[in-house]
file protein39.txt (compact mmCIF, C-alpha atoms)
# COMPACT_ATOMS: atom_id res chain seq x y z
CA MET A 1 -44.63 7.28 85.60
CA ALA A 2 -47.17 4.87 87.08
CA ASP A 3 -46.96 4.19 90.76
CA ASP A 4 -45.73 0.69 91.54
CA ALA A 5 -48.96 0.13 93.47
CA ASP A 6 -50.90 0.54 90.20
CA ILE A 7 -49.04 -2.26 88.38
CA PRO A 8 -50.89 -5.20 90.03
CA VAL A 9 -54.20 -3.52 89.23
CA GLN A 10 -53.17 -3.00 85.60
CA ASN A 11 -52.05 -6.62 85.38
CA ASP A 12 -55.38 -7.78 86.82
CA ASP A 13 -57.26 -5.65 84.28
CA ALA A 14 -55.19 -7.03 81.41
CA ARG A 15 -55.74 -10.63 82.54
CA HIS A 16 -59.46 -10.00 82.91
CA ALA A 17 -59.68 -8.45 79.44
CA ALA A 18 -57.80 -11.38 77.89
CA LYS A 19 -59.99 -13.88 79.73
CA MET A 20 -63.19 -12.16 78.59
CA ALA A 21 -61.94 -11.94 74.99
CA LYS A 22 -61.25 -15.67 75.01
CA LYS A 23 -64.66 -16.36 76.49
CA LYS A 24 -66.36 -14.13 73.90
CA ALA A 25 -64.60 -15.90 71.03
CA ALA A 26 -65.72 -19.28 72.37
CA ARG A 27 -69.26 -17.99 72.87
CA ASP A 28 -69.41 -16.48 69.38
CA LYS A 29 -68.27 -19.81 67.92
CA ILE A 30 -71.06 -21.63 69.77
CA MET A 31 -73.68 -19.08 68.71
CA ALA A 32 -72.60 -19.30 65.08
CA SER A 33 -73.40 -23.02 65.12
CA LYS A 34 -76.98 -22.45 66.35
CA THR A 35 -78.91 -21.96 63.13
CA ALA A 36 -82.12 -23.95 63.66
CA ASP A 37 -85.33 -21.93 63.98
CA ARG A 38 -88.51 -23.69 65.06
CA GLY A 39 -91.36 -23.57 67.52
CA LEU A 40 -90.62 -24.99 70.95
CA ILE A 41 -92.51 -27.01 73.53
CA ILE A 42 -91.72 -25.27 76.82
CA VAL A 43 -92.56 -26.59 80.29
CA HIS A 44 -92.50 -24.62 83.54
CA THR A 45 -93.03 -26.84 86.57
CA GLY A 46 -91.95 -27.30 90.17
CA ALA A 47 -93.23 -26.33 93.61
CA GLY A 48 -91.80 -22.82 93.52
CA LYS A 49 -93.50 -19.60 92.46
CA GLY A 50 -92.92 -18.22 88.97
CA LYS A 51 -94.30 -20.78 86.52
CA SER A 52 -97.23 -18.74 85.23
CA SER A 53 -95.31 -15.48 85.74
CA SER A 54 -92.56 -16.69 83.43
CA GLY A 55 -95.10 -17.86 80.87
CA PHE A 56 -96.79 -14.47 80.86
CA GLY A 57 -93.39 -12.82 80.57
CA MET A 58 -92.93 -14.62 77.24
CA ILE A 59 -96.43 -13.63 76.18
CA LEU A 60 -95.50 -9.99 76.82
CA ARG A 61 -92.38 -10.44 74.70
CA CYS A 62 -94.54 -11.72 71.87
CA ILE A 63 -96.83 -8.72 72.25
CA ALA A 64 -93.82 -6.38 72.17
CA HIS A 65 -92.69 -8.02 68.92
CA GLU A 66 -96.26 -7.80 67.58
CA MET A 67 -96.38 -11.58 67.35
CA PRO A 68 -99.96 -12.89 67.68
CA CYS A 69 -100.30 -15.11 70.74
CA ALA A 70 -102.92 -16.65 72.99
CA VAL A 71 -103.54 -17.78 76.56
CA VAL A 72 -105.75 -20.60 77.80
CA GLN A 73 -106.10 -20.78 81.58
CA PHE A 74 -107.10 -24.21 82.85
CA ILE A 75 -107.43 -23.47 86.58
CA LYS A 76 -107.33 -19.76 87.40
CA GLY A 77 -110.27 -18.70 85.24
CA ALA A 78 -112.23 -17.42 88.20
CA TRP A 79 -109.37 -15.19 89.38
CA ASP A 80 -109.14 -11.46 88.64
CA THR A 81 -105.45 -11.19 87.74
CA GLY A 82 -103.34 -8.27 86.58
CA GLU A 83 -102.10 -10.04 83.47
CA ARG A 84 -105.63 -10.86 82.36
CA ARG A 85 -106.78 -7.26 82.86
CA MET A 86 -103.84 -5.84 80.95
CA ILE A 87 -104.10 -8.21 77.99
CA GLU A 88 -107.87 -7.97 77.63
CA GLU A 89 -107.94 -4.18 78.03
CA HIS A 90 -104.88 -3.20 76.01
CA PHE A 91 -103.78 -6.01 73.68
CA PRO A 92 -106.83 -8.01 72.56
CA HIS A 93 -105.74 -7.51 68.93
CA LEU A 94 -102.48 -9.36 69.61
CA CYS A 95 -103.37 -11.86 72.32
CA GLU A 96 -106.50 -13.96 72.75
CA PHE A 97 -107.25 -14.69 76.40
CA HIS A 98 -109.49 -17.61 77.34
CA ALA A 99 -110.14 -18.27 81.03
CA MET A 100 -111.61 -21.78 81.00
CA GLY A 101 -111.06 -22.95 84.57
CA GLU A 102 -113.23 -22.44 87.63
CA GLY A 103 -110.66 -22.75 90.39
CA PHE A 104 -108.46 -25.35 92.00
CA THR A 105 -109.81 -28.86 92.44
CA TRP A 106 -110.22 -28.45 96.20
CA GLU A 107 -112.43 -25.42 95.53
CA THR A 108 -114.69 -26.95 92.88
CA GLN A 109 -114.96 -30.37 94.59
CA ASP A 110 -116.58 -31.72 91.43
CA ARG A 111 -114.38 -34.07 89.40
CA ALA A 112 -116.86 -34.47 86.56
CA ARG A 113 -117.15 -30.71 86.20
CA ASP A 114 -113.37 -30.29 86.37
CA ILE A 115 -112.94 -32.85 83.57
CA GLU A 116 -115.58 -31.13 81.48
CA MET A 117 -113.92 -27.73 81.86
CA ALA A 118 -110.44 -29.15 81.18
CA GLU A 119 -111.69 -30.78 77.99
CA LYS A 120 -113.28 -27.51 76.86
CA GLY A 121 -110.01 -25.74 77.58
CA TRP A 122 -108.07 -28.31 75.58
CA GLU A 123 -110.44 -28.01 72.62
CA LYS A 124 -109.89 -24.24 72.62
CA ALA A 125 -106.14 -24.78 72.97
CA LYS A 126 -106.07 -27.11 69.95
CA GLU A 127 -107.99 -24.57 67.90
CA LEU A 128 -105.49 -21.84 68.77
CA ILE A 129 -102.41 -24.01 68.27
CA ARG A 130 -103.61 -25.16 64.85
CA ASN A 131 -103.76 -21.52 63.69
CA PRO A 132 -100.32 -20.85 62.13
CA ALA A 133 -100.82 -17.09 62.55
CA ILE A 134 -100.62 -17.50 66.34
CA ARG A 135 -96.96 -17.79 67.24
CA MET A 136 -97.21 -18.71 70.93
CA VAL A 137 -99.90 -20.37 73.02
CA LEU A 138 -99.64 -20.39 76.81
CA LEU A 139 -101.50 -23.29 78.44
CA ASP A 140 -101.52 -21.98 81.98
CA GLU A 141 -101.81 -24.64 84.72
CA ILE A 142 -102.51 -27.42 82.21
CA ASN A 143 -100.08 -29.60 84.16
CA ILE A 144 -102.59 -29.76 86.99
CA ALA A 145 -105.27 -31.04 84.61
CA LEU A 146 -102.80 -33.61 83.30
CA ARG A 147 -101.70 -34.61 86.80
CA TYR A 148 -105.25 -35.52 87.83
CA ASP A 149 -105.90 -37.21 84.47
CA TYR A 150 -108.59 -34.73 83.49
CA LEU A 151 -106.80 -34.81 80.13
CA ASN A 152 -105.02 -37.75 78.53
CA ILE A 153 -101.28 -37.06 78.39
CA ASP A 154 -100.76 -39.35 75.39
CA ALA A 155 -103.43 -37.52 73.40
CA VAL A 156 -101.93 -34.13 74.29
CA LEU A 157 -98.43 -35.20 73.26
CA GLU A 158 -99.66 -36.80 70.04
CA PHE A 159 -101.43 -33.58 69.09
CA LEU A 160 -98.34 -31.47 69.81
CA ARG A 161 -96.18 -33.87 67.82
CA THR A 162 -98.42 -34.12 64.75
CA GLU A 163 -100.52 -30.95 64.55
CA LYS A 164 -98.52 -28.10 66.07
CA PRO A 165 -97.31 -25.82 63.25
CA PRO A 166 -93.50 -25.85 62.93
CA GLN A 167 -93.02 -22.25 64.07
CA THR A 168 -95.50 -22.22 66.97
CA HIS A 169 -94.29 -22.15 70.56
CA VAL A 170 -96.43 -23.88 73.18
CA VAL A 171 -95.83 -23.18 76.88
CA LEU A 172 -97.28 -25.54 79.50
CA THR A 173 -97.21 -24.50 83.15
CA GLY A 174 -98.11 -26.05 86.48
CA ARG A 175 -96.71 -28.29 89.18
CA ASN A 176 -95.93 -31.96 88.77
CA ALA A 177 -95.42 -32.07 85.02
CA LYS A 178 -95.74 -35.62 83.75
CA ASP A 179 -92.49 -37.41 82.92
CA ALA A 180 -93.65 -38.00 79.34
CA LEU A 181 -94.21 -34.26 78.86
CA ILE A 182 -90.79 -33.43 80.27
CA GLU A 183 -89.24 -35.96 77.91
CA ALA A 184 -91.05 -34.51 74.88
CA ALA A 185 -90.33 -30.85 75.69
CA ASP A 186 -87.54 -28.76 74.19
CA LEU A 187 -87.14 -26.54 77.26
CA VAL A 188 -87.99 -27.50 80.84
CA THR A 189 -87.56 -25.29 83.90
CA GLU A 190 -88.30 -26.40 87.45
CA MET A 191 -89.07 -23.66 89.96
CA THR A 192 -87.70 -24.67 93.37
CA LEU A 193 -89.50 -23.52 96.51
CA ILE A 194 -87.08 -22.16 99.10
CA LYS A 195 -89.26 -19.69 100.96
CA HIS A 196 -92.81 -18.39 100.46
CA PRO A 197 -94.76 -15.74 102.43
CA PHE A 198 -97.91 -17.88 102.39
CA ARG A 199 -96.25 -20.12 104.98
CA SER A 200 -95.95 -17.07 107.24
CA GLY A 201 -99.65 -16.29 107.01
CA ILE A 202 -99.42 -13.73 104.18
CA LYS A 203 -102.12 -13.94 101.53
CA ALA A 204 -101.62 -13.63 97.76
CA GLN A 205 -100.58 -10.08 96.87
CA LYS A 206 -101.56 -7.93 93.89
CA GLY A 207 -98.60 -7.51 91.58
CA VAL A 208 -96.95 -10.65 92.95
CA GLU A 209 -99.45 -13.47 92.57
CA LEU A 210 -102.47 -11.54 91.25
call {"tool": "encode", "arguments": {"input": "protein39.txt", "output": "structure tokens"}}
result
Amino acid sequence: MADDADIPVQNDDARHAAKMAKKKAARDKIMASKTADRGLIIVHTGAGKGKSSSGFGMILRCIAHEMPCAVVQFIKGAWDTGERRMIEEHFPHLCEFHAMGEGFTWETQDRARDIEMAEKGWEKAKELIRNPAIRMVLLDEINIALRYDYLNIDAVLEFLRTEKPPQTHVVLTGRNAKDALIEAADLVTEMTLIKHPFRSGIKAQKGVEL
């Protein structure tokens, strides 16, 4: 015979199980109604860390599923990063990697050169996006190029609207995403800065930022 002290616990377990069953039924009903399958425009923006990291996480998922993908870096081309090393050394057959940038604008200090490099990056991006065999294209830090008007936002959105193959995902990262891009996107995530070691005098760390 169960101890009386066990009865409240058993009742709590039963209530929890009933609650979870109800929640699962509601969730299954919602999931059953989601039948559309198409390529997405995905934006990662905000002042917090994680925009590029999240984009590369999706690239790694594509690689794991053996889905051809590509990366165009608009700003960090001069950086030696872990993700670039890994992709170029181990997965070049699945992921094209194009480092088109030369550093942040305060490093280059040459607006004309920045515009030239951004335009070259965008031409490469359009070439990759047009290829229906490539299922995802990550445009890393393109939002910075758009913010400073190195690229025309209307032209970028028109291309994505009219020339992106139906099943291709395009991920655009970087701070200060333009309102028009946010409006056009299917998925937008804003990374919020709460605390960052850089403010405490700690430089970028391998495995975290690099």
call {"tool": "atom_distance", "arguments": {"input": "protein39.txt", "atom1": "atom CA of A:Lys124", "atom2": "atom CA of A:Val137"}}
result
10.7 Å
call {"tool": "residues_around", "arguments": {"input": "protein39.txt", "residues": "stretch 83-85 of chain A", "least_positions_apart": "3", "cutoff": "10 Å", "atoms": "only C-alpha atoms", "output": "list in words"}}
result
Ser53, Phe56, Gly57, Ile59, Leu60, Val71, Gln73, Gly77, Trp79, Asp80, Glu88, Glu89, His90, Phe91, Phe97, His98, Ala99, Gly207 and Leu210 of chain A
call {"tool": "residues_around", "arguments": {"input": "protein39.txt", "residues": "A:Phe74", "least_positions_apart": "2", "cutoff": "10 Å", "atoms": "all atoms listed in the file", "output": "list in words"}}
result
Val71, Val72, Lys76, Gly77, His98, Ala99, Met100, Gly101, Glu102, Gly103, Phe104, Asp114, Met117, Ala118, Glu119, Lys120, Gly121, Trp122, Ala125, Leu139, Asp140, Glu141, Ile142, Asn143, Ile144, Ala145, Thr173 and Gly174 of chain A
call {"tool": "residues_around", "arguments": {"input": "protein39.txt", "residues": "A:Ile134", "least_positions_apart": "2", "cutoff": "12 Å", "atoms": "all atoms listed in the file", "output": "MDAnalysis selection string"}}
result
chainID A and resid 39 59 62:63 66:71 93:96 125:132 136:138 164:170
call {"tool": "atom_distance", "arguments": {"input": "protein39.txt", "atom1": "atom CA of A:Thr189", "atom2": "atom CA of A:Lys206"}}
result
24.4 Å
call {"tool": "atom_distance", "arguments": {"input": "protein39.txt", "atom1": "atom CA of A:Tyr148", "atom2": "atom CA of A:Arg161"}}
result
22.0 Å
call {"tool": "residues_around", "arguments": {"input": "protein39.txt", "residues": "stretch 183-185 of chain A", "least_positions_apart": "6", "cutoff": "10 Å", "atoms": "all atoms listed in the file", "output": "PyMOL selection string"}}
result
chain A and resi 40-43+157+160-161+170-172
call {"tool": "write_last_selection", "arguments": {"input": "protein39.txt", "atoms": "C-alpha atoms", "output": "PDB file, in the coordinates of the input"}}
result
ATOM      1  CA  LEU A  40     -90.620 -24.990  70.950  1.00  0.00           C
ATOM      2  CA  ILE A  41     -92.510 -27.010  73.530  1.00  0.00           C
ATOM      3  CA  ILE A  42     -91.720 -25.270  76.820  1.00  0.00           C
ATOM      4  CA  VAL A  43     -92.560 -26.590  80.290  1.00  0.00           C
ATOM      5  CA  LEU A 157     -98.430 -35.200  73.260  1.00  0.00           C
ATOM      6  CA  LEU A 160     -98.340 -31.470  69.810  1.00  0.00           C
ATOM      7  CA  ARG A 161     -96.180 -33.870  67.820  1.00  0.00           C
ATOM      8  CA  VAL A 170     -96.430 -23.880  73.180  1.00  0.00           C
ATOM      9  CA  VAL A 171     -95.830 -23.180  76.880  1.00  0.00           C
ATOM     10  CA  LEU A 172     -97.280 -25.540  79.500  1.00  0.00           C
TER      11      LEU A 172
END
call {"tool": "closest_residue", "arguments": {"input": "protein39.txt", "among": "A:Ala133, A:Ala177, A:Leu187, A:Ala32", "to": "A:Ile153", "atoms": "all atoms listed in the file"}}
result
A:Ala177
